[in-house]
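Q: Following this line is run36.cif, made up of mmCIF, N, CA and C atoms:
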data_query
loop_
_atom_site.label_atom_id
_atom_site.label_comp_id
_atom_site.auth_asym_id
_atom_site.auth_seq_id
_atom_site.Cartn_x
_atom_site.Cartn_y
_atom_site.Cartn_z
N MET A 224 16.03 12.37 15.85
CA MET A 224 15.65 13.28 14.79
C MET A 224 15.51 12.54 13.46
N LYS A 225 16.36 11.53 13.24
CA LYS A 225 16.32 10.75 12.01
C LYS A 225 14.98 10.04 11.85
N VAL A 226 14.52 9.42 12.93
CA VAL A 226 13.26 8.68 12.88
C VAL A 226 12.09 9.64 12.67
N LEU A 227 12.16 10.81 13.27
CA LEU A 227 11.10 11.81 13.09
C LEU A 227 11.02 12.25 11.62
N ASN A 228 12.16 12.47 11.00
CA ASN A 228 12.17 12.84 9.58
C ASN A 228 11.58 11.71 8.72
N GLN A 229 11.94 10.48 9.04
CA GLN A 229 11.41 9.34 8.29
C GLN A 229 9.89 9.24 8.47
N PHE A 230 9.45 9.43 9.71
CA PHE A 230 8.02 9.39 9.99
C PHE A 230 7.30 10.50 9.22
N LEU A 231 7.88 11.69 9.16
CA LEU A 231 7.26 12.81 8.45
C LEU A 231 7.18 12.54 6.94
N ILE A 232 8.18 11.87 6.39
CA ILE A 232 8.14 11.51 4.97
C ILE A 232 6.96 10.56 4.72
N ILE A 233 6.84 9.53 5.55
CA ILE A 233 5.74 8.58 5.40
C ILE A 233 4.40 9.26 5.62
N LEU A 234 4.33 10.14 6.60
CA LEU A 234 3.11 10.88 6.88
C LEU A 234 2.73 11.78 5.71
N GLY A 235 3.72 12.43 5.12
CA GLY A 235 3.46 13.29 3.97
C GLY A 235 2.94 12.50 2.78
N ILE A 236 3.53 11.34 2.54
CA ILE A 236 3.05 10.50 1.44
C ILE A 236 1.64 10.00 1.73
N SER A 237 1.35 9.68 2.97
CA SER A 237 0.00 9.26 3.34
C SER A 237 -0.99 10.40 3.12
N PHE A 238 -0.57 11.62 3.41
CA PHE A 238 -1.43 12.79 3.20
C PHE A 238 -1.71 12.97 1.71
N VAL A 239 -0.70 12.80 0.87
CA VAL A 239 -0.90 12.89 -0.58
C VAL A 239 -1.87 11.80 -1.04
N GLY A 240 -1.76 10.61 -0.45
CA GLY A 240 -2.71 9.54 -0.75
C GLY A 240 -4.13 9.92 -0.37
N GLU A 241 -4.30 10.60 0.75
CA GLU A 241 -5.63 11.08 1.16
C GLU A 241 -6.16 12.10 0.16
N LEU A 242 -5.27 12.98 -0.31
CA LEU A 242 -5.68 13.97 -1.31
C LEU A 242 -6.11 13.28 -2.61
N CYS A 243 -5.35 12.28 -3.02
CA CYS A 243 -5.71 11.52 -4.22
C CYS A 243 -7.08 10.88 -4.05
N ASN A 244 -7.34 10.36 -2.87
CA ASN A 244 -8.63 9.73 -2.60
C ASN A 244 -9.77 10.74 -2.72
N LEU A 245 -9.53 11.96 -2.28
CA LEU A 245 -10.56 12.99 -2.37
C LEU A 245 -10.75 13.49 -3.80
N LEU A 246 -9.67 13.60 -4.54
CA LEU A 246 -9.72 14.22 -5.86
C LEU A 246 -10.05 13.26 -6.99
N LEU A 247 -9.61 12.02 -6.88
CA LEU A 247 -9.82 11.06 -7.95
C LEU A 247 -11.14 10.30 -7.74
N PRO A 248 -11.86 10.04 -8.82
CA PRO A 248 -13.19 9.41 -8.67
C PRO A 248 -13.16 7.89 -8.60
N PHE A 249 -12.01 7.29 -8.33
CA PHE A 249 -11.92 5.84 -8.29
C PHE A 249 -12.19 5.32 -6.88
N PRO A 250 -12.80 4.13 -6.77
CA PRO A 250 -13.09 3.57 -5.44
C PRO A 250 -11.87 2.87 -4.84
N VAL A 251 -10.79 3.62 -4.66
CA VAL A 251 -9.55 3.07 -4.13
C VAL A 251 -9.29 3.73 -2.78
N PRO A 252 -8.98 2.96 -1.74
CA PRO A 252 -8.70 3.56 -0.43
C PRO A 252 -7.46 4.45 -0.47
N ALA A 253 -7.47 5.46 0.37
CA ALA A 253 -6.35 6.41 0.43
C ALA A 253 -5.05 5.71 0.80
N SER A 254 -5.12 4.69 1.63
CA SER A 254 -3.90 3.98 2.03
C SER A 254 -3.25 3.29 0.83
N VAL A 255 -4.07 2.80 -0.09
CA VAL A 255 -3.52 2.14 -1.29
C VAL A 255 -2.84 3.18 -2.17
N TYR A 256 -3.45 4.35 -2.31
CA TYR A 256 -2.79 5.44 -3.05
C TYR A 256 -1.45 5.77 -2.41
N GLY A 257 -1.44 5.87 -1.09
CA GLY A 257 -0.19 6.19 -0.39
C GLY A 257 0.88 5.14 -0.61
N LEU A 258 0.49 3.87 -0.54
CA LEU A 258 1.45 2.80 -0.77
C LEU A 258 1.99 2.83 -2.20
N LEU A 259 1.11 3.09 -3.15
CA LEU A 259 1.55 3.17 -4.55
C LEU A 259 2.50 4.35 -4.76
N ILE A 260 2.19 5.48 -4.15
CA ILE A 260 3.06 6.64 -4.28
C ILE A 260 4.43 6.35 -3.66
N LEU A 261 4.44 5.75 -2.47
CA LEU A 261 5.70 5.40 -1.83
C LEU A 261 6.48 4.40 -2.68
N PHE A 262 5.80 3.42 -3.25
CA PHE A 262 6.45 2.42 -4.10
C PHE A 262 7.09 3.07 -5.32
N VAL A 263 6.34 3.96 -5.97
CA VAL A 263 6.88 4.64 -7.15
C VAL A 263 8.08 5.50 -6.76
N CYS A 264 7.97 6.22 -5.65
CA CYS A 264 9.08 7.07 -5.20
C CYS A 264 10.33 6.25 -4.90
N LEU A 265 10.15 5.07 -4.31
CA LEU A 265 11.30 4.21 -4.02
C LEU A 265 11.87 3.62 -5.31
N CYS A 266 11.00 3.19 -6.23
CA CYS A 266 11.48 2.61 -7.49
C CYS A 266 12.20 3.64 -8.35
N MET A 267 11.69 4.86 -8.36
CA MET A 267 12.30 5.90 -9.18
C MET A 267 13.50 6.55 -8.48
N LYS A 268 13.75 6.09 -7.25
CA LYS A 268 14.86 6.59 -6.43
C LYS A 268 14.73 8.08 -6.10
N TRP A 269 13.46 8.55 -6.06
CA TRP A 269 13.21 9.91 -5.59
C TRP A 269 13.39 9.95 -4.08
N ILE A 270 13.10 8.82 -3.44
CA ILE A 270 13.31 8.66 -2.00
C ILE A 270 14.18 7.41 -1.84
N SER A 271 15.28 7.55 -1.14
CA SER A 271 16.11 6.36 -0.92
C SER A 271 15.53 5.54 0.23
N LEU A 272 15.79 4.26 0.21
CA LEU A 272 15.26 3.36 1.23
C LEU A 272 15.72 3.77 2.63
N GLU A 273 16.94 4.26 2.72
CA GLU A 273 17.47 4.67 4.02
C GLU A 273 16.68 5.81 4.65
N LYS A 274 15.98 6.60 3.82
CA LYS A 274 15.22 7.74 4.34
C LYS A 274 13.91 7.34 5.00
N VAL A 275 13.48 6.08 4.83
CA VAL A 275 12.23 5.64 5.46
C VAL A 275 12.36 4.29 6.16
N GLU A 276 13.52 3.67 6.10
CA GLU A 276 13.67 2.28 6.56
C GLU A 276 13.40 2.09 8.05
N THR A 277 13.97 2.92 8.89
CA THR A 277 13.81 2.73 10.34
C THR A 277 12.37 2.92 10.77
N ALA A 278 11.72 3.96 10.25
CA ALA A 278 10.31 4.20 10.60
C ALA A 278 9.43 3.08 10.06
N ALA A 279 9.72 2.60 8.85
CA ALA A 279 8.93 1.51 8.27
C ALA A 279 9.08 0.24 9.09
N GLU A 280 10.29 -0.05 9.54
CA GLU A 280 10.50 -1.23 10.39
C GLU A 280 9.72 -1.10 11.70
N PHE A 281 9.68 0.10 12.26
CA PHE A 281 8.90 0.34 13.48
C PHE A 281 7.43 0.04 13.22
N PHE A 282 6.89 0.55 12.11
CA PHE A 282 5.48 0.31 11.79
C PHE A 282 5.20 -1.17 11.58
N LEU A 283 6.12 -1.87 10.95
CA LEU A 283 5.94 -3.31 10.76
C LEU A 283 5.98 -4.06 12.09
N ASN A 284 6.81 -3.59 13.01
CA ASN A 284 6.91 -4.25 14.32
C ASN A 284 5.66 -4.07 15.16
N ILE A 285 5.00 -2.92 15.05
CA ILE A 285 3.80 -2.68 15.86
C ILE A 285 2.51 -3.07 15.16
N MET A 286 2.62 -3.56 13.93
CA MET A 286 1.42 -3.90 13.17
C MET A 286 0.49 -4.87 13.89
N PRO A 287 0.99 -5.92 14.54
CA PRO A 287 0.06 -6.83 15.23
C PRO A 287 -0.79 -6.12 16.28
N VAL A 288 -0.26 -5.12 16.92
CA VAL A 288 -1.01 -4.39 17.94
C VAL A 288 -2.22 -3.70 17.31
N LEU A 289 -2.08 -3.27 16.07
CA LEU A 289 -3.15 -2.55 15.41
C LEU A 289 -4.34 -3.44 15.08
N PHE A 290 -4.14 -4.76 15.10
CA PHE A 290 -5.23 -5.68 14.80
C PHE A 290 -6.00 -6.12 16.04
N ILE A 291 -5.59 -5.69 17.21
CA ILE A 291 -6.27 -6.09 18.44
C ILE A 291 -7.71 -5.60 18.45
N ALA A 292 -7.93 -4.36 18.06
CA ALA A 292 -9.30 -3.81 18.06
C ALA A 292 -10.20 -4.60 17.12
N SER A 293 -9.69 -4.97 15.97
CA SER A 293 -10.49 -5.76 15.02
C SER A 293 -10.83 -7.13 15.60
N ALA A 294 -9.85 -7.75 16.25
CA ALA A 294 -10.09 -9.08 16.84
C ALA A 294 -11.13 -9.00 17.95
N VAL A 295 -11.06 -7.98 18.78
CA VAL A 295 -12.04 -7.82 19.85
C VAL A 295 -13.43 -7.57 19.27
N SER A 296 -13.48 -6.78 18.22
CA SER A 296 -14.75 -6.51 17.56
C SER A 296 -15.36 -7.78 16.99
N LEU A 297 -14.52 -8.63 16.40
CA LEU A 297 -15.02 -9.91 15.89
C LEU A 297 -15.55 -10.79 17.01
N MET A 298 -14.90 -10.73 18.17
CA MET A 298 -15.34 -11.55 19.29
C MET A 298 -16.72 -11.12 19.78
N THR A 299 -17.05 -9.85 19.64
CA THR A 299 -18.35 -9.38 20.12
C THR A 299 -19.49 -9.76 19.16
N ILE A 300 -19.17 -10.04 17.89
CA ILE A 300 -20.22 -10.39 16.94
C ILE A 300 -20.14 -11.85 16.50
N ILE A 301 -19.40 -12.66 17.23
CA ILE A 301 -19.22 -14.06 16.84
C ILE A 301 -20.55 -14.81 16.78
N GLY A 302 -21.49 -14.44 17.63
CA GLY A 302 -22.81 -15.08 17.62
C GLY A 302 -23.53 -14.86 16.31
N ASP A 303 -23.44 -13.66 15.78
CA ASP A 303 -24.07 -13.35 14.50
C ASP A 303 -23.36 -14.05 13.34
N MET A 304 -22.06 -14.25 13.49
CA MET A 304 -21.28 -14.84 12.40
C MET A 304 -21.42 -16.35 12.33
N LEU A 305 -21.84 -17.00 13.40
CA LEU A 305 -21.94 -18.46 13.40
C LEU A 305 -22.90 -18.97 12.33
N SER A 306 -23.95 -18.20 12.04
CA SER A 306 -24.92 -18.64 11.04
C SER A 306 -24.33 -18.67 9.63
N VAL A 307 -23.31 -17.87 9.38
CA VAL A 307 -22.70 -17.82 8.04
C VAL A 307 -21.25 -18.31 8.07
N LEU A 308 -20.85 -18.97 9.14
CA LEU A 308 -19.46 -19.40 9.29
C LEU A 308 -19.04 -20.41 8.21
N VAL A 309 -19.92 -21.33 7.86
CA VAL A 309 -19.59 -22.32 6.84
C VAL A 309 -19.37 -21.62 5.50
N ALA A 310 -20.22 -20.68 5.17
CA ALA A 310 -20.07 -19.94 3.91
C ALA A 310 -18.77 -19.14 3.90
N ILE A 311 -18.44 -18.51 5.01
CA ILE A 311 -17.20 -17.73 5.09
C ILE A 311 -15.99 -18.65 4.91
N LEU A 312 -16.00 -19.81 5.58
CA LEU A 312 -14.89 -20.75 5.45
C LEU A 312 -14.77 -21.28 4.03
N CYS A 313 -15.88 -21.61 3.39
CA CYS A 313 -15.85 -22.09 2.00
C CYS A 313 -15.28 -21.03 1.06
N ILE A 314 -15.75 -19.82 1.20
CA ILE A 314 -15.26 -18.73 0.36
C ILE A 314 -13.77 -18.51 0.58
N THR A 315 -13.35 -18.57 1.83
CA THR A 315 -11.93 -18.37 2.14
C THR A 315 -11.07 -19.46 1.53
N VAL A 316 -11.47 -20.71 1.69
CA VAL A 316 -10.69 -21.83 1.16
C VAL A 316 -10.65 -21.79 -0.36
N ILE A 317 -11.81 -21.60 -0.99
CA ILE A 317 -11.87 -21.58 -2.45
C ILE A 317 -11.06 -20.42 -3.02
N SER A 318 -11.20 -19.23 -2.44
CA SER A 318 -10.46 -18.08 -2.97
C SER A 318 -8.96 -18.25 -2.75
N THR A 319 -8.57 -18.86 -1.64
CA THR A 319 -7.14 -19.11 -1.41
C THR A 319 -6.58 -20.07 -2.46
N ILE A 320 -7.31 -21.12 -2.75
CA ILE A 320 -6.86 -22.09 -3.75
C ILE A 320 -6.77 -21.43 -5.13
N VAL A 321 -7.78 -20.63 -5.49
CA VAL A 321 -7.77 -19.95 -6.79
C VAL A 321 -6.58 -19.01 -6.89
N VAL A 322 -6.31 -18.25 -5.83
CA VAL A 322 -5.17 -17.33 -5.85
C VAL A 322 -3.86 -18.10 -5.99
N MET A 323 -3.73 -19.22 -5.29
CA MET A 323 -2.51 -20.02 -5.41
C MET A 323 -2.32 -20.55 -6.83
N ILE A 324 -3.39 -21.05 -7.43
CA ILE A 324 -3.31 -21.59 -8.79
C ILE A 324 -2.95 -20.50 -9.79
N VAL A 325 -3.65 -19.37 -9.72
CA VAL A 325 -3.38 -18.28 -10.65
C VAL A 325 -1.97 -17.74 -10.47
N THR A 326 -1.53 -17.60 -9.24
CA THR A 326 -0.17 -17.12 -8.99
C THR A 326 0.86 -18.08 -9.56
N GLY A 327 0.65 -19.37 -9.38
CA GLY A 327 1.57 -20.37 -9.94
C GLY A 327 1.60 -20.32 -11.45
N MET A 328 0.44 -20.18 -12.08
CA MET A 328 0.38 -20.13 -13.54
C MET A 328 1.07 -18.88 -14.08
N VAL A 329 0.85 -17.76 -13.43
CA VAL A 329 1.50 -16.52 -13.86
C VAL A 329 3.01 -16.64 -13.69
N ALA A 330 3.44 -17.20 -12.57
CA ALA A 330 4.88 -17.37 -12.34
C ALA A 330 5.50 -18.27 -13.41
N GLN A 331 4.81 -19.35 -13.78
CA GLN A 331 5.32 -20.24 -14.82
C GLN A 331 5.42 -19.51 -16.16
N GLN A 332 4.43 -18.70 -16.49
CA GLN A 332 4.47 -17.95 -17.75
C GLN A 332 5.63 -16.95 -17.76
N ILE A 333 5.86 -16.31 -16.64
CA ILE A 333 6.97 -15.35 -16.56
C ILE A 333 8.30 -16.08 -16.73
N ILE A 334 8.44 -17.23 -16.10
CA ILE A 334 9.68 -18.00 -16.22
C ILE A 334 9.88 -18.46 -17.66
N LYS A 335 8.82 -18.93 -18.31
CA LYS A 335 8.93 -19.37 -19.71
C LYS A 335 9.34 -18.21 -20.62
N ARG A 336 8.73 -17.04 -20.42
CA ARG A 336 9.09 -15.88 -21.24
C ARG A 336 10.55 -15.49 -21.03
N LYS A 337 10.99 -15.54 -19.79
CA LYS A 337 12.38 -15.20 -19.50
C LYS A 337 13.33 -16.19 -20.17
N GLU A 338 13.00 -17.48 -20.09
CA GLU A 338 13.83 -18.50 -20.73
C GLU A 338 13.86 -18.32 -22.24
N ASN A 339 12.71 -18.00 -22.85
CA ASN A 339 12.65 -17.78 -24.29
C ASN A 339 13.49 -16.58 -24.70
N LYS A 340 13.44 -15.51 -23.92
CA LYS A 340 14.26 -14.34 -24.22
C LYS A 340 15.74 -14.66 -24.12
N GLU A 341 16.11 -15.45 -23.10
CA GLU A 341 17.51 -15.84 -22.94
C GLU A 341 17.97 -16.72 -24.10
N GLU A 342 17.12 -17.63 -24.55
CA GLU A 342 17.47 -18.49 -25.68
C GLU A 342 17.64 -17.66 -26.96
N LEU A 343 16.74 -16.69 -27.15
CA LEU A 343 16.84 -15.85 -28.33
C LEU A 343 18.10 -14.99 -28.31
N SER A 344 18.41 -14.46 -27.14
CA SER A 344 19.61 -13.61 -27.05
C SER A 344 20.88 -14.46 -27.18
N ASN A 345 20.87 -15.69 -26.70
CA ASN A 345 22.03 -16.57 -26.86
C ASN A 345 22.17 -17.04 -28.31
N GLY A 346 21.05 -17.24 -29.01
CA GLY A 346 21.11 -17.67 -30.39
C GLY A 346 21.58 -16.57 -31.33
N VAL A 347 21.30 -15.30 -30.97
CA VAL A 347 21.72 -14.17 -31.80
C VAL A 347 23.20 -13.96 -31.71
N LYS A 348 23.78 -14.18 -30.55
CA LYS A 348 25.22 -13.95 -30.35
C LYS A 348 25.95 -14.98 -31.05
#
So, in terms of structure tokens, how does the structure I just supplied come out?

A:
Amino acid sequence: MKVLNQFLIILGISFVGELCNLLLPFPVPASVYGLLILFVCLCMKWISLEKVETAAEFFLNIMPVLFIASAVSLMTIIGDMLSVLVAILCITVISTIVVMIVTGMVAQQIIKRKENKEELSNGVK
């Protein structure tokens, strides 16, 4: 019964995400709305982690199974993709490198700001 309640909470939040997708004019997938709603509910402690943890772990455990259909679909169109495979690989490598660089730079800026705040608070005391 506990897992069913947890599943229903996640299902309800997903439904609200679907409603947001229908009502809001932004090009955001309903699943992203649902994830944001769940994140806000967890951060604001409107929903405790224990109320969704077991069901969420189940979904994470079965996630690889959900990608089987996509992998099979890719296998059926591999002939069409070979002509653009080099372009896809270049885009993937370049975008991965850019994301790593930007993430590192942002992390460094956050660390510097934190250190500056700590220095200021230590100097005031």

Q: Please list as a short mmCIF file (atom, residue, chain, number, x, y, z; two decimals) with N, CA and C atoms, keeping the file's coordinate frame every residue within 8 Å of stretch 235-248 of chain A, counting only N, CA and C atoms and excluding residues in the same chain fewer than 3 positions away.

A:
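Writing the result to result.cif gives the following:
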data_model
loop_
_atom_site.label_atom_id
_atom_site.label_comp_id
_atom_site.auth_asym_id
_atom_site.auth_seq_id
_atom_site.Cartn_x
_atom_site.Cartn_y
_atom_site.Cartn_z
N GLN A 229 11.94 10.48 9.04
CA GLN A 229 11.41 9.34 8.29
C GLN A 229 9.89 9.24 8.47
N PHE A 230 9.45 9.43 9.71
CA PHE A 230 8.02 9.39 9.99
C PHE A 230 7.30 10.50 9.22
N LEU A 231 7.88 11.69 9.16
CA LEU A 231 7.26 12.81 8.45
C LEU A 231 7.18 12.54 6.94
N ILE A 232 8.18 11.87 6.39
CA ILE A 232 8.14 11.51 4.97
C ILE A 232 6.96 10.56 4.72
N VAL A 251 -10.79 3.62 -4.66
CA VAL A 251 -9.55 3.07 -4.13
C VAL A 251 -9.29 3.73 -2.78
N PRO A 252 -8.98 2.96 -1.74
CA PRO A 252 -8.70 3.56 -0.43
C PRO A 252 -7.46 4.45 -0.47
N ALA A 253 -7.47 5.46 0.37
CA ALA A 253 -6.35 6.41 0.43
C ALA A 253 -5.05 5.71 0.80
N SER A 254 -5.12 4.69 1.63
CA SER A 254 -3.90 3.98 2.03
C SER A 254 -3.25 3.29 0.83
N VAL A 255 -4.07 2.80 -0.09
CA VAL A 255 -3.52 2.14 -1.29
C VAL A 255 -2.84 3.18 -2.17
N TYR A 256 -3.45 4.35 -2.31
CA TYR A 256 -2.79 5.44 -3.05
C TYR A 256 -1.45 5.77 -2.41
N GLY A 257 -1.44 5.87 -1.09
CA GLY A 257 -0.19 6.19 -0.39
C GLY A 257 0.88 5.14 -0.61
N LEU A 258 0.49 3.87 -0.54
CA LEU A 258 1.45 2.80 -0.77
C LEU A 258 1.99 2.83 -2.20
N LEU A 259 1.11 3.09 -3.15
CA LEU A 259 1.55 3.17 -4.55
C LEU A 259 2.50 4.35 -4.76
N ILE A 260 2.19 5.48 -4.15
CA ILE A 260 3.06 6.64 -4.28
C ILE A 260 4.43 6.35 -3.66
N LEU A 261 4.44 5.75 -2.47
CA LEU A 261 5.70 5.40 -1.83
C LEU A 261 6.48 4.40 -2.68
#

Q: So which residues touch A:Leu227 within 10 Å, counting only C-alpha atoms, skipping near sequence neighbours fewer than 5 positions away, as a PyMOL selection string?

A: chain A and resi 232-233+275+277-278

Q: Rounded to one decimal, what separation in Å do you get between atom C of A:Ile300 and atom CA of A:Ser318?

A: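 About the pair atom C of A:Ile300 and atom CA of A:Ser318: they are 22.6 Å apart.
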
Q: Can you tell me how far atom N of A:Lys274 sits from atom C of A:Asn228, in Å to one decimal?

A: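 Computing it gives 8.3 Å between the two atoms.
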
Q: Quick one: pick out all alpha helix (DSSP H) residues within chain A from a backbone DSSP run and write them as a PyMOL selection string.

A: chain A and resi 225-246+253-266+276-289+291-299+301-304+308-347

Q: Restricting the calculation to only C-alpha atoms, which member of A:Val316, A:Lys225, A:Ala294, A:Thr299 is positioned closest to A:Glu276?

A: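 Ranked by minimum distance to A:Glu276, first place goes to A:Lys225.
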
Q: When you draw a straight line from atom N of A:Phe262 to atom CA of A:Phe282, how long is it in Å?

A: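 Interatomic distance here is 15.4 Å.
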
Q: Return as lines of an AutoDock Vina configuration file the box centre and box size in Å, one decimal, for an axis-aligned box around all listed atoms of stretch 271-287 of chain A padded by 8 Å per side.

A:
center_x = 8.3
center_y = 0.5
center_z = 7.6
size_x = 34.3
size_y = 30.6
size_z = 33.4

Q: Using the partial input, fill out stretch 325-334 of chain A with all heavy atoms; write the result as a CSV table (one decimal), in the coordinates of the input.

A:
chain,number,residue,atom,x,y,z
A,325,VAL,N,-3.6,-19.4,-9.7
A,325,VAL,CA,-3.4,-18.3,-10.6
A,325,VAL,C,-2.0,-17.7,-10.5
A,325,VAL,O,-1.3,-17.5,-11.5
A,325,VAL,CB,-4.4,-17.2,-10.5
A,325,VAL,CG1,-4.1,-15.9,-11.3
A,325,VAL,CG2,-5.8,-17.7,-10.9
A,326,THR,N,-1.5,-17.6,-9.2
A,326,THR,CA,-0.2,-17.1,-9.0
A,326,THR,C,0.9,-18.1,-9.6
A,326,THR,O,1.8,-17.7,-10.2
A,326,THR,CB,0.1,-16.9,-7.5
A,326,THR,OG1,-0.9,-16.0,-7.0
A,326,THR,CG2,1.5,-16.4,-7.2
A,327,GLY,N,0.6,-19.4,-9.4
A,327,GLY,CA,1.6,-20.4,-9.9
A,327,GLY,C,1.6,-20.3,-11.4
A,327,GLY,O,2.7,-20.4,-12.1
A,328,MET,N,0.4,-20.2,-12.1
A,328,MET,CA,0.4,-20.1,-13.5
A,328,MET,C,1.1,-18.9,-14.1
A,328,MET,O,1.8,-19.0,-15.1
A,328,MET,CB,-1.1,-20.2,-14.0
A,328,MET,CG,-1.7,-21.5,-13.7
A,328,MET,SD,-3.5,-21.6,-14.0
A,328,MET,CE,-3.6,-21.3,-15.8
A,329,VAL,N,0.8,-17.8,-13.4
A,329,VAL,CA,1.5,-16.5,-13.9
A,329,VAL,C,3.0,-16.6,-13.7
A,329,VAL,O,3.8,-16.2,-14.6
A,329,VAL,CB,0.9,-15.3,-13.1
A,329,VAL,CG1,1.8,-14.1,-13.3
A,329,VAL,CG2,-0.5,-15.0,-13.5
A,330,ALA,N,3.4,-17.2,-12.6
A,330,ALA,CA,4.9,-17.4,-12.3
A,330,ALA,C,5.5,-18.3,-13.4
A,330,ALA,O,6.6,-18.0,-13.9
A,330,ALA,CB,5.1,-17.9,-10.9
A,331,GLN,N,4.8,-19.4,-13.8
A,331,GLN,CA,5.3,-20.2,-14.8
A,331,GLN,C,5.4,-19.5,-16.2
A,331,GLN,O,6.4,-19.7,-16.9
A,331,GLN,CB,4.4,-21.5,-15.0
A,331,GLN,CG,4.6,-22.5,-13.8
A,331,GLN,CD,3.6,-23.6,-14.0
A,331,GLN,OE1,2.6,-23.6,-14.7
A,331,GLN,NE2,3.9,-24.7,-13.3
A,332,GLN,N,4.4,-18.7,-16.5
A,332,GLN,CA,4.5,-18.0,-17.8
A,332,GLN,C,5.6,-17.0,-17.8
A,332,GLN,O,6.3,-16.8,-18.8
A,332,GLN,CB,3.1,-17.2,-18.0
A,332,GLN,CG,2.0,-18.1,-18.3
A,332,GLN,CD,2.2,-18.9,-19.6
A,332,GLN,OE1,2.7,-18.4,-20.6
A,332,GLN,NE2,1.9,-20.2,-19.5
A,333,ILE,N,5.9,-16.3,-16.6
A,333,ILE,CA,7.0,-15.4,-16.6
A,333,ILE,C,8.3,-16.1,-16.7
A,333,ILE,O,9.2,-15.6,-17.4
A,333,ILE,CB,6.9,-14.6,-15.2
A,333,ILE,CG1,5.7,-13.6,-15.2
A,333,ILE,CG2,8.2,-13.8,-15.0
A,333,ILE,CD1,5.4,-13.0,-13.9
A,334,ILE,N,8.4,-17.2,-16.1
A,334,ILE,CA,9.7,-18.0,-16.2
A,334,ILE,C,9.9,-18.5,-17.7
A,334,ILE,O,11.0,-18.4,-18.2
A,334,ILE,CB,9.7,-19.2,-15.2
A,334,ILE,CG1,9.8,-18.7,-13.8
A,334,ILE,CG2,10.8,-20.2,-15.6
A,334,ILE,CD1,9.5,-19.8,-12.8
